[in-house]
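Student: If it helps, the file is called query38.tsv and holds TSV, C-alpha atoms:
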```
chain	number	residue	atom	x	y	z
S	1	MET	CA	174.82	-115.00	97.24
S	2	ALA	CA	176.25	-111.57	97.35
S	3	LYS	CA	179.16	-110.96	95.07
S	4	ARG	CA	182.20	-110.12	97.06
S	5	SER	CA	185.26	-108.49	95.60
S	6	ALA	CA	188.50	-110.32	96.34
S	7	PRO	CA	190.48	-108.55	99.06
S	8	GLU	CA	193.72	-107.02	97.91
S	9	VAL	CA	196.85	-108.82	99.04
S	10	ASN	CA	198.98	-106.68	101.24
S	11	ALA	CA	202.29	-106.34	99.48
S	12	GLY	CA	203.92	-104.23	102.12
S	13	SER	CA	206.19	-107.00	103.34
S	14	MET	CA	207.35	-107.93	99.87
S	15	ALA	CA	210.27	-105.53	100.17
S	16	ASP	CA	211.32	-107.15	103.42
S	17	ILE	CA	211.29	-110.61	101.91
S	18	ALA	CA	213.25	-109.44	98.89
S	19	PHE	CA	215.73	-107.72	101.15
S	20	LEU	CA	216.23	-110.90	103.12
S	21	LEU	CA	216.98	-112.83	99.93
S	22	LEU	CA	219.25	-110.07	98.70
S	23	ILE	CA	221.25	-110.04	101.90
S	24	PHE	CA	221.51	-113.81	101.84
S	25	PHE	CA	223.02	-113.74	98.35
S	26	LEU	CA	225.24	-110.80	99.20
S	27	VAL	CA	226.71	-112.71	102.09
S	28	THR	CA	227.13	-116.05	100.35
S	29	THR	CA	228.55	-114.75	97.07
S	30	THR	CA	232.26	-115.20	96.81
S	31	ILE	CA	233.52	-113.97	93.52
S	32	PRO	CA	236.32	-116.41	92.89
S	33	LYS	CA	239.61	-114.82	91.93
S	34	ASP	CA	242.10	-117.46	91.04
S	35	SER	CA	245.66	-116.39	91.11
S	36	GLY	CA	248.89	-118.25	90.94
S	37	ILE	CA	252.39	-118.51	89.56
S	38	ASN	CA	252.46	-118.66	85.78
S	39	ARG	CA	254.98	-120.97	84.24
S	40	LYS	CA	255.74	-122.10	80.78
S	41	LEU	CA	256.79	-125.70	80.36
S	42	PRO	CA	259.61	-126.44	77.95
S	43	PRO	CA	258.45	-128.19	74.79
S	44	MET	CA	259.46	-131.76	74.20
S	45	GLU	CA	262.89	-131.46	72.67
S	46	PRO	CA	263.92	-133.35	69.60
S	47	PRO	CA	266.21	-136.24	70.52
S	48	ASN	CA	269.23	-134.96	68.58
S	49	ASP	CA	269.46	-131.78	70.59
S	50	ASP	CA	273.04	-130.57	70.87
S	51	GLU	CA	274.38	-130.11	74.33
S	52	VAL	CA	274.89	-126.46	75.08
S	53	VAL	CA	277.88	-125.87	77.27
S	54	ILE	CA	277.15	-123.52	80.11
S	55	LYS	CA	279.83	-122.48	82.53
S	56	GLN	CA	279.32	-123.83	85.99
S	57	LYS	CA	279.60	-120.38	87.54
S	58	ASN	CA	276.60	-119.20	85.56
S	59	ILE	CA	274.35	-121.87	87.01
S	60	PHE	CA	272.72	-121.50	90.38
S	61	THR	CA	271.58	-124.92	91.46
S	62	VAL	CA	268.71	-125.34	93.87
S	63	LEU	CA	267.89	-128.84	94.99
S	64	ILE	CA	264.95	-129.70	97.19
S	65	ASN	CA	265.31	-133.15	98.64
S	66	GLY	CA	262.69	-135.58	99.81
S	67	LYS	CA	262.77	-134.14	103.32
S	68	ASP	CA	262.07	-130.63	101.99
S	69	GLN	CA	265.59	-129.46	102.73
S	70	LEU	CA	267.21	-126.95	100.42
S	71	LEU	CA	270.60	-127.52	98.91
S	72	VAL	CA	271.73	-124.34	97.20
S	73	GLU	CA	275.05	-124.48	95.37
S	74	ASP	CA	275.86	-127.63	97.35
S	75	GLU	CA	275.21	-125.97	100.69
S	76	LEU	CA	272.29	-126.34	103.02
S	77	MET	CA	270.17	-123.21	103.18
S	78	GLU	CA	267.04	-122.00	104.90
S	79	LEU	CA	264.13	-120.94	102.73
S	80	LYS	CA	264.19	-117.41	104.04
S	81	ASP	CA	267.77	-116.90	102.83
S	82	LEU	CA	267.08	-118.18	99.33
S	83	ARG	CA	265.79	-114.91	97.89
S	84	LYS	CA	268.85	-112.96	98.97
S	85	ALA	CA	271.21	-115.61	97.65
S	86	ALA	CA	269.41	-115.69	94.30
S	87	ILE	CA	269.51	-111.90	94.01
S	88	GLU	CA	273.22	-111.87	94.78
S	89	PHE	CA	273.83	-114.46	92.12
S	90	LEU	CA	271.70	-112.82	89.42
S	91	ASP	CA	272.91	-109.30	90.12
S	92	ASN	CA	276.59	-110.19	90.34
S	93	GLY	CA	277.64	-109.02	86.88
S	94	GLY	CA	281.20	-110.27	87.14
S	95	GLY	CA	281.80	-110.53	83.42
S	96	THR	CA	280.17	-109.70	80.11
S	97	ASP	CA	277.14	-110.94	78.22
S	98	ALA	CA	277.27	-112.81	74.91
S	99	GLN	CA	277.93	-109.57	73.02
S	100	GLY	CA	280.77	-108.60	75.32
S	101	ASN	CA	278.87	-105.82	77.10
S	102	LYS	CA	279.41	-105.27	80.78
S	103	CYS	CA	276.41	-105.17	83.06
S	104	ASP	CA	276.30	-101.47	83.93
S	105	TYR	CA	273.03	-101.69	85.85
S	106	CYS	CA	274.10	-104.52	88.16
S	107	LYS	CA	274.77	-103.61	91.75
S	108	GLY	CA	276.33	-106.89	92.81
S	109	LYS	CA	279.79	-107.69	94.07
S	110	ARG	CA	281.22	-108.35	90.58
S	111	ASP	CA	282.74	-111.52	91.91
S	112	PRO	CA	284.51	-113.28	89.01
S	113	SER	CA	283.64	-116.69	90.43
S	114	SER	CA	279.90	-116.00	90.31
S	115	SER	CA	277.62	-115.24	87.36
S	116	ASP	CA	278.88	-113.14	84.44
S	117	HIS	CA	275.75	-111.26	83.48
S	118	PRO	CA	272.02	-111.50	84.27
S	119	ASP	CA	271.58	-112.48	80.65
S	120	LYS	CA	273.71	-115.58	81.17
S	121	ALA	CA	272.71	-116.45	84.71
S	122	ILE	CA	270.53	-119.52	84.94
S	123	ILE	CA	268.74	-120.87	87.96
S	124	SER	CA	268.39	-124.60	87.88
S	125	LEU	CA	265.73	-126.10	90.08
S	126	LYS	CA	265.66	-129.77	90.89
S	127	ASN	CA	263.29	-131.67	93.09
S	128	GLU	CA	262.74	-135.25	94.10
S	129	ARG	CA	259.52	-137.21	93.90
S	130	GLU	CA	259.08	-137.07	97.65
S	131	THR	CA	259.39	-133.30	97.84
S	132	SER	CA	256.19	-131.76	99.11
S	133	TYR	CA	254.26	-129.52	96.79
S	134	ALA	CA	254.05	-126.77	99.40
S	135	GLN	CA	257.83	-126.56	99.65
S	136	TYR	CA	258.18	-126.60	95.90
S	137	ILE	CA	255.74	-123.67	95.57
S	138	SER	CA	257.56	-121.78	98.31
S	139	VAL	CA	260.85	-122.17	96.48
S	140	GLN	CA	259.30	-121.17	93.16
S	141	ASN	CA	257.79	-118.19	94.88
S	142	GLU	CA	261.10	-117.08	96.37
S	143	LEU	CA	262.87	-117.41	93.02
S	144	VAL	CA	260.17	-115.42	91.25
S	145	ALA	CA	260.43	-112.89	94.06
S	146	ALA	CA	264.17	-112.56	93.44
S	147	TYR	CA	263.53	-111.69	89.80
S	148	ASN	CA	260.70	-109.36	90.74
S	149	ASP	CA	262.84	-107.56	93.32
S	150	LEU	CA	265.57	-106.91	90.78
S	151	ARG	CA	263.10	-105.83	88.14
S	152	ASN	CA	261.28	-103.57	90.58
S	153	ARG	CA	264.53	-101.87	91.48
S	154	ARG	CA	265.38	-101.37	87.84
S	155	ALA	CA	261.88	-100.09	87.07
S	156	LEU	CA	262.14	-97.44	89.75
S	157	GLU	CA	265.48	-96.37	88.29
S	158	ILE	CA	264.55	-96.04	84.66
S	159	GLY	CA	260.81	-95.49	85.01
S	160	ALA	CA	261.10	-91.93	86.29
S	161	ARG	CA	263.07	-90.82	83.24
S	162	ARG	CA	260.50	-92.36	80.91
S	163	GLY	CA	257.48	-90.77	82.51
S	164	PHE	CA	256.44	-93.59	84.83
S	165	SER	CA	257.74	-92.43	88.16
S	166	ASP	CA	256.99	-94.31	91.38
S	167	MET	CA	255.90	-97.38	89.47
S	168	ASP	CA	257.62	-100.66	90.13
S	169	PHE	CA	257.73	-103.52	87.67
S	170	VAL	CA	254.82	-105.47	89.11
S	171	LEU	CA	252.67	-102.35	89.01
S	172	MET	CA	253.78	-101.61	85.45
S	173	GLU	CA	252.68	-105.05	84.30
S	174	LYS	CA	249.41	-104.65	86.14
S	175	ASN	CA	248.78	-101.29	84.56
S	176	TYR	CA	249.68	-102.62	81.15
S	177	LYS	CA	247.00	-105.28	81.43
S	178	ASP	CA	244.50	-102.88	82.94
S	179	THR	CA	242.13	-101.53	80.31
S	180	LYS	CA	241.33	-98.54	82.47
S	181	PHE	CA	244.93	-97.38	82.65
S	182	ASN	CA	245.11	-93.99	80.95
S	183	GLY	CA	248.85	-93.62	80.40
S	184	ASN	CA	250.84	-94.23	77.27
S	185	LYS	CA	250.70	-97.99	76.89
S	186	GLU	CA	253.16	-98.26	74.04
S	187	LYS	CA	255.81	-96.45	76.02
S	188	LEU	CA	255.03	-98.59	79.04
S	189	LYS	CA	255.44	-101.72	76.96
S	190	GLU	CA	258.85	-100.51	75.83
S	191	VAL	CA	259.98	-100.04	79.42
S	192	ILE	CA	258.63	-103.42	80.45
S	193	ASP	CA	260.35	-105.14	77.55
S	194	GLN	CA	263.62	-103.41	78.31
S	195	ILE	CA	263.54	-104.54	81.93
S	196	ARG	CA	262.58	-108.04	80.91
S	197	LYS	CA	265.56	-108.10	78.60
S	198	GLU	CA	267.90	-106.79	81.24
S	199	TYR	CA	266.80	-109.34	83.83
S	200	PRO	CA	265.49	-112.26	81.80
S	201	GLU	CA	263.82	-115.00	83.77
S	202	LYS	CA	265.94	-118.04	83.14
S	203	LEU	CA	264.64	-120.69	85.42
S	204	SER	CA	265.15	-124.20	84.25
S	205	GLU	CA	263.75	-127.27	85.86
S	206	VAL	CA	265.55	-130.53	85.75
S	207	GLN	CA	263.17	-133.32	84.88
F	1	MET	CA	190.98	-66.07	100.24
F	2	SER	CA	189.23	-69.35	100.84
F	3	LYS	CA	190.40	-70.41	97.44
F	4	PHE	CA	193.88	-70.95	98.77
F	5	LYS	CA	194.23	-73.65	101.35
F	6	ASN	CA	196.68	-73.19	104.07
F	7	LYS	CA	199.30	-75.75	103.12
F	8	LYS	CA	201.07	-75.63	106.40
F	9	ASP	CA	198.29	-77.61	107.93
F	10	ASN	CA	198.93	-80.64	105.76
F	11	ALA	CA	201.35	-83.30	107.02
F	12	LEU	CA	204.16	-84.41	104.74
F	13	PRO	CA	202.80	-87.08	102.39
F	14	ALA	CA	204.31	-90.52	102.86
F	15	VAL	CA	206.98	-91.53	100.32
F	16	ASN	CA	205.62	-94.03	97.90
F	17	THR	CA	207.46	-97.28	98.48
F	18	ALA	CA	205.52	-99.34	95.98
F	19	SER	CA	208.52	-99.65	93.66
F	20	LEU	CA	210.93	-100.63	96.41
F	21	PRO	CA	210.37	-104.38	95.94
F	22	ASP	CA	211.09	-103.99	92.23
F	23	ILE	CA	214.38	-102.28	92.89
F	24	VAL	CA	215.39	-104.86	95.45
F	25	PHE	CA	214.41	-107.70	93.14
F	26	MET	CA	216.54	-106.18	90.42
F	27	LEU	CA	219.53	-106.16	92.75
F	28	LEU	CA	218.71	-109.67	93.87
F	29	PHE	CA	218.62	-110.98	90.32
F	30	SER	CA	221.85	-109.27	89.43
F	31	PHE	CA	223.55	-111.02	92.37
F	32	MET	CA	221.96	-114.34	91.52
F	33	VAL	CA	223.23	-114.09	87.96
F	34	VAL	CA	226.72	-112.97	88.91
F	35	THR	CA	227.21	-115.68	91.52
F	36	VAL	CA	229.40	-118.43	90.16
F	37	MET	CA	229.03	-121.82	91.64
F	38	ARG	CA	232.09	-124.06	91.77
F	39	GLU	CA	232.38	-125.91	88.49
F	40	ASP	CA	233.62	-129.20	89.78
F	41	THR	CA	232.67	-131.20	92.81
F	42	LEU	CA	235.85	-131.96	94.62
F	43	LEU	CA	236.51	-135.57	95.47
F	44	ILE	CA	239.87	-134.76	96.95
F	45	GLU	CA	241.29	-132.63	99.68
F	46	ASN	CA	242.34	-129.38	98.13
F	47	ARG	CA	244.10	-126.93	100.40
F	48	LEU	CA	246.25	-124.79	98.19
F	49	PRO	CA	249.70	-123.69	99.30
F	50	GLN	CA	250.39	-119.99	99.73
F	51	ALA	CA	252.59	-117.61	97.79
F	52	ASP	CA	252.85	-113.88	97.40
F	53	GLN	CA	254.38	-113.38	93.95
F	54	VAL	CA	251.16	-114.24	92.19
F	55	GLU	CA	249.56	-113.11	89.00
F	56	LYS	CA	245.86	-113.16	88.37
F	57	LEU	CA	244.54	-115.90	86.19
F	58	GLU	CA	243.09	-114.12	83.18
F	59	LYS	CA	239.53	-115.18	82.58
F	60	LYS	CA	239.55	-113.95	79.00
F	61	TYR	CA	241.59	-116.93	77.97
F	62	PRO	CA	240.27	-120.47	78.29
F	63	ILE	CA	241.27	-122.25	81.49
F	64	SER	CA	241.20	-125.94	82.31
F	65	TYR	CA	241.53	-127.17	85.83
F	66	ILE	CA	243.48	-130.18	87.02
F	67	TYR	CA	243.05	-131.13	90.64
F	68	ALA	CA	245.26	-133.41	92.66
F	69	GLY	CA	245.31	-134.43	96.27
F	70	LYS	CA	244.45	-137.10	98.75
F	71	PRO	CA	240.92	-138.53	98.35
F	72	ALA	CA	238.54	-136.64	100.60
F	73	LYS	CA	236.38	-138.05	103.38
F	74	GLY	CA	233.99	-140.62	102.01
F	75	TYR	CA	236.29	-141.56	99.18
F	76	GLU	CA	238.83	-143.45	101.28
F	77	LYS	CA	238.34	-146.53	99.16
F	78	PHE	CA	240.43	-144.78	96.51
F	79	GLY	CA	243.42	-144.97	98.76
F	80	ASN	CA	245.60	-142.69	100.81
F	81	GLU	CA	247.92	-141.46	98.12
F	82	ALA	CA	247.40	-138.26	96.16
F	83	ARG	CA	245.12	-138.83	93.19
F	84	LEU	CA	244.28	-136.90	90.11
F	85	GLN	CA	240.85	-135.47	89.46
F	86	LEU	CA	239.69	-134.31	86.06
F	87	ASN	CA	236.19	-132.94	85.74
F	88	ASP	CA	234.18	-134.90	88.27
F	89	LYS	CA	236.06	-138.16	88.29
F	90	PHE	CA	239.23	-139.73	89.55
F	91	MET	CA	241.49	-140.29	86.58
F	92	ASP	CA	244.85	-141.76	85.77
F	93	ILE	CA	247.85	-139.79	84.65
F	94	SER	CA	247.52	-141.30	81.21
F	95	ASP	CA	244.05	-139.76	80.79
F	96	ILE	CA	245.46	-136.24	80.77
F	97	ARG	CA	246.16	-136.18	77.09
F	98	ALA	CA	242.60	-137.14	76.19
F	99	PHE	CA	241.35	-134.57	78.66
F	100	ILE	CA	243.44	-131.79	77.12
F	101	ASN	CA	242.26	-132.70	73.66
F	102	ALA	CA	238.65	-132.68	74.83
F	103	GLU	CA	239.16	-129.29	76.47
F	104	ARG	CA	240.72	-127.94	73.30
F	105	ALA	CA	237.81	-129.21	71.23
F	106	ALA	CA	235.38	-127.53	73.59
F	107	ILE	CA	236.83	-124.07	73.02
F	108	ALA	CA	234.38	-122.24	70.84
F	109	ARG	CA	236.76	-119.75	69.29
F	110	GLU	CA	239.54	-121.38	67.37
F	111	GLU	CA	242.05	-118.58	67.78
F	112	LEU	CA	242.00	-119.05	71.55
F	113	VAL	CA	243.04	-122.70	71.46
F	114	ASP	CA	246.73	-121.79	71.75
F	115	PHE	CA	246.03	-119.69	74.82
F	116	LEU	CA	244.61	-122.55	76.86
F	117	THR	CA	246.00	-122.28	80.36
F	118	ILE	CA	246.11	-125.27	82.65
F	119	SER	CA	245.47	-124.36	86.22
F	120	LEU	CA	247.03	-126.88	88.59
F	121	LYS	CA	245.18	-127.00	91.85
F	122	VAL	CA	247.25	-129.33	93.92
F	123	ASP	CA	246.88	-129.98	97.60
F	124	LYS	CA	249.87	-128.80	99.59
F	125	GLU	CA	250.27	-132.19	101.22
F	126	ALA	CA	250.78	-133.86	97.86
F	127	ASN	CA	254.31	-134.63	96.80
F	128	MET	CA	256.09	-133.61	93.65
F	129	GLY	CA	255.92	-137.09	92.15
F	130	ILE	CA	252.38	-136.66	90.93
F	131	VAL	CA	253.02	-133.04	89.90
F	132	GLY	CA	256.05	-134.09	87.89
F	133	ASP	CA	254.02	-136.78	86.16
F	134	ILE	CA	251.28	-134.28	85.33
F	135	LYS	CA	253.82	-131.84	83.95
F	136	LYS	CA	255.38	-134.54	81.80
F	137	GLU	CA	252.00	-135.48	80.34
F	138	LEU	CA	251.18	-131.84	79.71
F	139	ARG	CA	254.41	-131.41	77.83
F	140	GLU	CA	253.58	-134.40	75.71
F	141	ALA	CA	250.13	-133.00	75.06
F	142	ASN	CA	251.82	-129.72	74.15
F	143	ALA	CA	249.82	-127.78	76.72
F	144	LEU	CA	252.67	-125.67	77.97
F	145	LYS	CA	250.98	-122.72	79.62
F	146	ILE	CA	250.42	-123.69	83.22
F	147	ASN	CA	249.57	-121.89	86.38
F	148	TYR	CA	250.27	-123.20	89.84
F	149	THR	CA	247.13	-121.88	91.46
F	150	VAL	CA	247.81	-120.86	95.04
F	151	GLY	CA	246.29	-118.85	97.81
F	152	THR	CA	247.71	-115.48	98.69
F	153	GLY	CA	249.85	-115.35	101.79
F	154	SER	CA	253.44	-115.60	102.82
F	155	ALA	CA	255.28	-118.48	101.22
F	156	LEU	CA	257.42	-118.91	104.31
F	157	ASP	CA	254.43	-120.17	106.26
F	158	ASN	CA	253.82	-123.21	104.11
```
Go through the file and emit its structure as structure tokens.

Tutor:
Amino acid sequence: MAKRSAPEVNAGSMADIAFLLLIFFLVTTTIPKDSGINRKLPPMEPPNDDEVVIKQKNIFTVLINGKDQLLVEDELMELKDLRKAAIEFLDNGGGTDAQGNKCDYCKGKRDPSSSDHPDKAIISLKNERETSYAQYISVQNELVAAYNDLRNRRALEIGARRGFSDMDFVLMEKNYKDTKFNGNKEKLKEVIDQIRKEYPEKLSEVQ
Amino acid sequence: MSKFKNKKDNALPAVNTASLPDIVFMLLFSFMVVTVMREDTLLIENRLPQADQVEKLEKKYPISYIYAGKPAKGYEKFGNEARLQLNDKFMDISDIRAFINAERAAIAREELVDFLTISLKVDKEANMGIVGDIKKELREANALKINYTVGTGSALDN
């Protein structure tokens, strides 16, 4: 028998096959990016906790009932109006903070019957067991948005003087976490901390 | 002059494509490696509500997922009410503490244990009863960093 050399396999279509696979993976890959609203739960308090007296005017009560209706400060309210109402309450600045300083950055109505100072203003959120999760998230979102709006406004005011012009608070936080950000991070942190102190997020949930 | 060939007569040589499959395979493998498959098989319906004031969930810290929602198609025998899913099983509220402890023990680097974030993936049809119970258990387990994981969109459309 004559010795025959094995014929060479034609590899010309290999690239096509690989391309097909590549395109398949390209299309099906979804790089999951989870995002959400961060919250910190209060720790279990010791039973002999003293009652802290908070003035009624410094508390902004939001109740979501079992039918997903909003009761804000004992009045029915639509979800779309909640953000504005919360901003008005937080930014009122009718009095002084614990140290007796007036809120010189507030732009509210300075109504003496509403909150004294953003430092004292507390939003109290209450829900019932029948409340739907979607409504609860919407309300949380609007309240976070109220804080973010105020902080953004403040960031645009003081940021320009500190070398971070045209940067709102959300962007500042994003840049601070971004490793590729090439600005002065320590200075940025100072600005962020100052704004956080001026508009502290005081959102308490009634259990 | 016969020494020098007239080069203009020659056609352009074909580009060698022998290494093209290798390059494409390299790309292919990189995509195959990067692709993350979903960690848990969902036994429940899980349509997340929408919000727009969201922060990204940082992957550099350990994350545990808690799912809740109505049992999905094929699991109707578990009832119509929202149920809790941990890992791949339906669980009771009282199992959360053991779950958190197991998740903490599974974290390789000890200094990250305090940074454990609990991502709550709750179906938007669920009611706050089950979420409140979960939150209470998490407080008792001292896992206080939570994240209501949501989709991005306008919250007014929920």

Student: For region 22-31 of chain S, find every residue with an atom within 10 Å (counting all atoms listed in the file), except residues of its own chain fewer than 6 positions away, and show them as a ChimeraX atom specification.

Tutor: /S:16 /F:24-32,34-37

Student: Store the residues of this selection in a file with C-alpha atoms, as a short mmCIF file (atom, residue, chain, number, x, y, z; two decimals), keeping the file's coordinate frame.

Tutor:
```cif
data_model
loop_
_atom_site.label_atom_id
_atom_site.label_comp_id
_atom_site.auth_asym_id
_atom_site.auth_seq_id
_atom_site.Cartn_x
_atom_site.Cartn_y
_atom_site.Cartn_z
CA ASP S 16 211.32 -107.15 103.42
CA VAL F 24 215.39 -104.86 95.45
CA PHE F 25 214.41 -107.70 93.14
CA MET F 26 216.54 -106.18 90.42
CA LEU F 27 219.53 -106.16 92.75
CA LEU F 28 218.71 -109.67 93.87
CA PHE F 29 218.62 -110.98 90.32
CA SER F 30 221.85 -109.27 89.43
CA PHE F 31 223.55 -111.02 92.37
CA MET F 32 221.96 -114.34 91.52
CA VAL F 34 226.72 -112.97 88.91
CA THR F 35 227.21 -115.68 91.52
CA VAL F 36 229.40 -118.43 90.16
CA MET F 37 229.03 -121.82 91.64
#
```

Student: Residues at most 7 Å from Ile63 (chain F), counting all atoms listed in the file, excluding those fewer than 2 positions away in the same chain, as a list of chain:residue names?

Tutor: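 Listing them by chain and then by number gives F:Tyr61, F:Tyr65, F:Leu116, F:Thr117, F:Ile118, F:Ser119.
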
Student: With distances taken over all atoms listed in the file, which of S:Ile54, S:Met14, S:Ala146, S:Ala134 is nearest to Gln50 (chain F)?

Tutor: S:Ala134

Student: Just checking: using only C-alpha atoms, which residue out of S:Gly95, S:Pro200, S:Gly12, S:Gly36 ends up closest to chain F?

Tutor: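 Looking at the shortest contact to chain F, the residue is S:Gly36.
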
Student: With 7 Å as the cut-off and all atoms listed in the file counted, what is the closest atom pair between each nearby residue of chain F and chain S? Distances in Å to one decimal, ordered by chain and number, as a tab-separated table.

Tutor:
```
residue	atom	partner	partner_atom	distance
F:Leu20	CA	S:Ala15	CA	6.2
F:Pro21	CA	S:Ala15	CA	4.4
F:Val24	CA	S:Ala18	CA	6.1
F:Phe25	CA	S:Ala18	CA	6.1
F:Leu28	CA	S:Leu22	CA	4.9
F:Phe31	CA	S:Phe25	CA	6.6
F:Met32	CA	S:Phe25	CA	6.9
F:Thr35	CA	S:Thr29	CA	5.8
F:Val36	CA	S:Ile31	CA	6.9
F:Pro49	CA	S:Ala134	CA	5.3
F:Ala51	CA	S:Asn141	CA	6.0
F:Gln53	CA	S:Asn141	CA	6.0
F:Val54	CA	S:Gly36	CA	4.8
F:Glu55	CA	S:Ser35	CA	5.5
F:Lys56	CA	S:Ser35	CA	4.2
F:Leu57	CA	S:Ser35	CA	5.1
F:Lys124	CA	S:Ala134	CA	4.7
F:Glu125	CA	S:Ser132	CA	6.3
F:Ala126	CA	S:Tyr133	CA	5.7
F:Asn127	CA	S:Ser132	CA	4.1
F:Met128	CA	S:Arg129	CA	5.0
F:Gly129	CA	S:Arg129	CA	4.0
F:Arg139	CA	S:Pro43	CA	6.0
F:Glu140	CA	S:Met44	CA	6.6
F:Asn142	CA	S:Pro43	CA	6.8
F:Leu144	CA	S:Leu41	CA	4.8
F:Lys145	CA	S:Lys40	CA	4.9
F:Ile146	CA	S:Arg39	CA	5.4
F:Asn147	CA	S:Asn38	CA	4.4
F:Tyr148	CA	S:Ile37	CA	5.2
F:Thr149	CA	S:Gly36	CA	4.1
F:Val150	CA	S:Gly36	CA	5.0
F:Ala155	CA	S:Ser138	CA	5.0
F:Leu156	CA	S:Ser138	CA	6.7
F:Asn158	CA	S:Ala134	CA	5.9
```

Student: Could you work out how far CA of Arg196 (chain S) lies from CA of Gly159 (chain S), giving the answer in Å with one decimal?

Tutor: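 Computed distance, CA of Gly159 (chain S) to CA of Arg196 (chain S), equals 13.3 Å.
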
Student: To one decimal place, how far is CA of Glu205 (chain S) from CA of Glu75 (chain S) in Å?

Tutor: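 We find that CA of Glu205 (chain S) and CA of Glu75 (chain S) lie 18.8 Å from each other.
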
Student: One number please: CA of Gly183 (chain S) to CA of Glu58 (chain F), in Å, one decimal.

Tutor: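 Separating CA of Gly183 (chain S) from CA of Glu58 (chain F) is a distance of 21.5 Å.
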
Student: Between S:Tyr176, S:Lys187, S:Lys197, S:Leu76, which residue has the minimum interatomic distance to Arg161 (chain S), considering all atoms listed in the file?

Tutor: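 Nearest candidate to Arg161 (chain S) out of S:Tyr176, S:Lys187, S:Lys197, S:Leu76: S:Lys187.
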
Student: I want to know what sits within 12 Å of Lys89 (chain F), based on only C-alpha atoms, with residues of the same chain fewer than 5 positions away left out; could you give that as a list of chain:residue names?

Tutor: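 The residues that qualify are F:Asp40, F:Thr41, F:Leu42, F:Leu43, F:Ile44, F:Ile66, F:Tyr67, F:Ala68, F:Pro71, F:Tyr75, F:Phe78, F:Arg83, F:Leu84, F:Asp95, F:Phe99.
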
Student: Quick one: of S:Ala6, S:Leu90, S:Leu150, S:Leu71, who's nearest to Asp111 (chain S), counting only C-alpha atoms?

Tutor: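 The answer is S:Leu90, which sits nearest to Asp111 (chain S).
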
Student: Which residues, written as an mmCIF file with C-alpha atoms, in the coordinates of the input, have at least one atom at most 9 Å from Ala121 (chain S), with only C-alpha atoms counted and residues fewer than 5 positions away on the same chain left out?

Tutor:
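The result, stored in around22.cif:
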```
data_model
loop_
_atom_site.group_PDB
_atom_site.id
_atom_site.type_symbol
_atom_site.label_atom_id
_atom_site.label_comp_id
_atom_site.auth_asym_id
_atom_site.auth_seq_id
_atom_site.Cartn_x
_atom_site.Cartn_y
_atom_site.Cartn_z
ATOM 1 C CA LYS S 57 279.600 -120.380 87.540
ATOM 2 C CA ASN S 58 276.600 -119.200 85.560
ATOM 3 C CA ILE S 59 274.350 -121.870 87.010
ATOM 4 C CA PHE S 60 272.720 -121.500 90.380
ATOM 5 C CA PHE S 89 273.830 -114.460 92.120
ATOM 6 C CA LEU S 90 271.700 -112.820 89.420
ATOM 7 C CA ASP S 91 272.910 -109.300 90.120
ATOM 8 C CA SER S 115 277.620 -115.240 87.360
ATOM 9 C CA ASP S 116 278.880 -113.140 84.440
ATOM 10 C CA PRO S 200 265.490 -112.260 81.800
ATOM 11 C CA LYS S 202 265.940 -118.040 83.140
#
```

Student: Which polymer residues, protein or nucleic acid, are no farther than 9 Å from (282.0, -110.5, 87.8), counting all atoms listed in the file, as a ChimeraX atom specification?

Tutor: /S:92-96,108-117

Student: Could you write those residues out with C-alpha atoms, as a JSON list (two decimals), keeping the file's coordinate frame?

Tutor:
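After the write, out_11.json holds the following:
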```json
[["chain", "number", "residue", "atom", "x", "y", "z"],
["S", 92, "ASN", "CA", 276.59, -110.19, 90.34],
["S", 93, "GLY", "CA", 277.64, -109.02, 86.88],
["S", 94, "GLY", "CA", 281.20, -110.27, 87.14],
["S", 95, "GLY", "CA", 281.80, -110.53, 83.42],
["S", 96, "THR", "CA", 280.17, -109.70, 80.11],
["S", 108, "GLY", "CA", 276.33, -106.89, 92.81],
["S", 109, "LYS", "CA", 279.79, -107.69, 94.07],
["S", 110, "ARG", "CA", 281.22, -108.35, 90.58],
["S", 111, "ASP", "CA", 282.74, -111.52, 91.91],
["S", 112, "PRO", "CA", 284.51, -113.28, 89.01],
["S", 113, "SER", "CA", 283.64, -116.69, 90.43],
["S", 114, "SER", "CA", 279.90, -116.00, 90.31],
["S", 115, "SER", "CA", 277.62, -115.24, 87.36],
["S", 116, "ASP", "CA", 278.88, -113.14, 84.44],
["S", 117, "HIS", "CA", 275.75, -111.26, 83.48]]
```
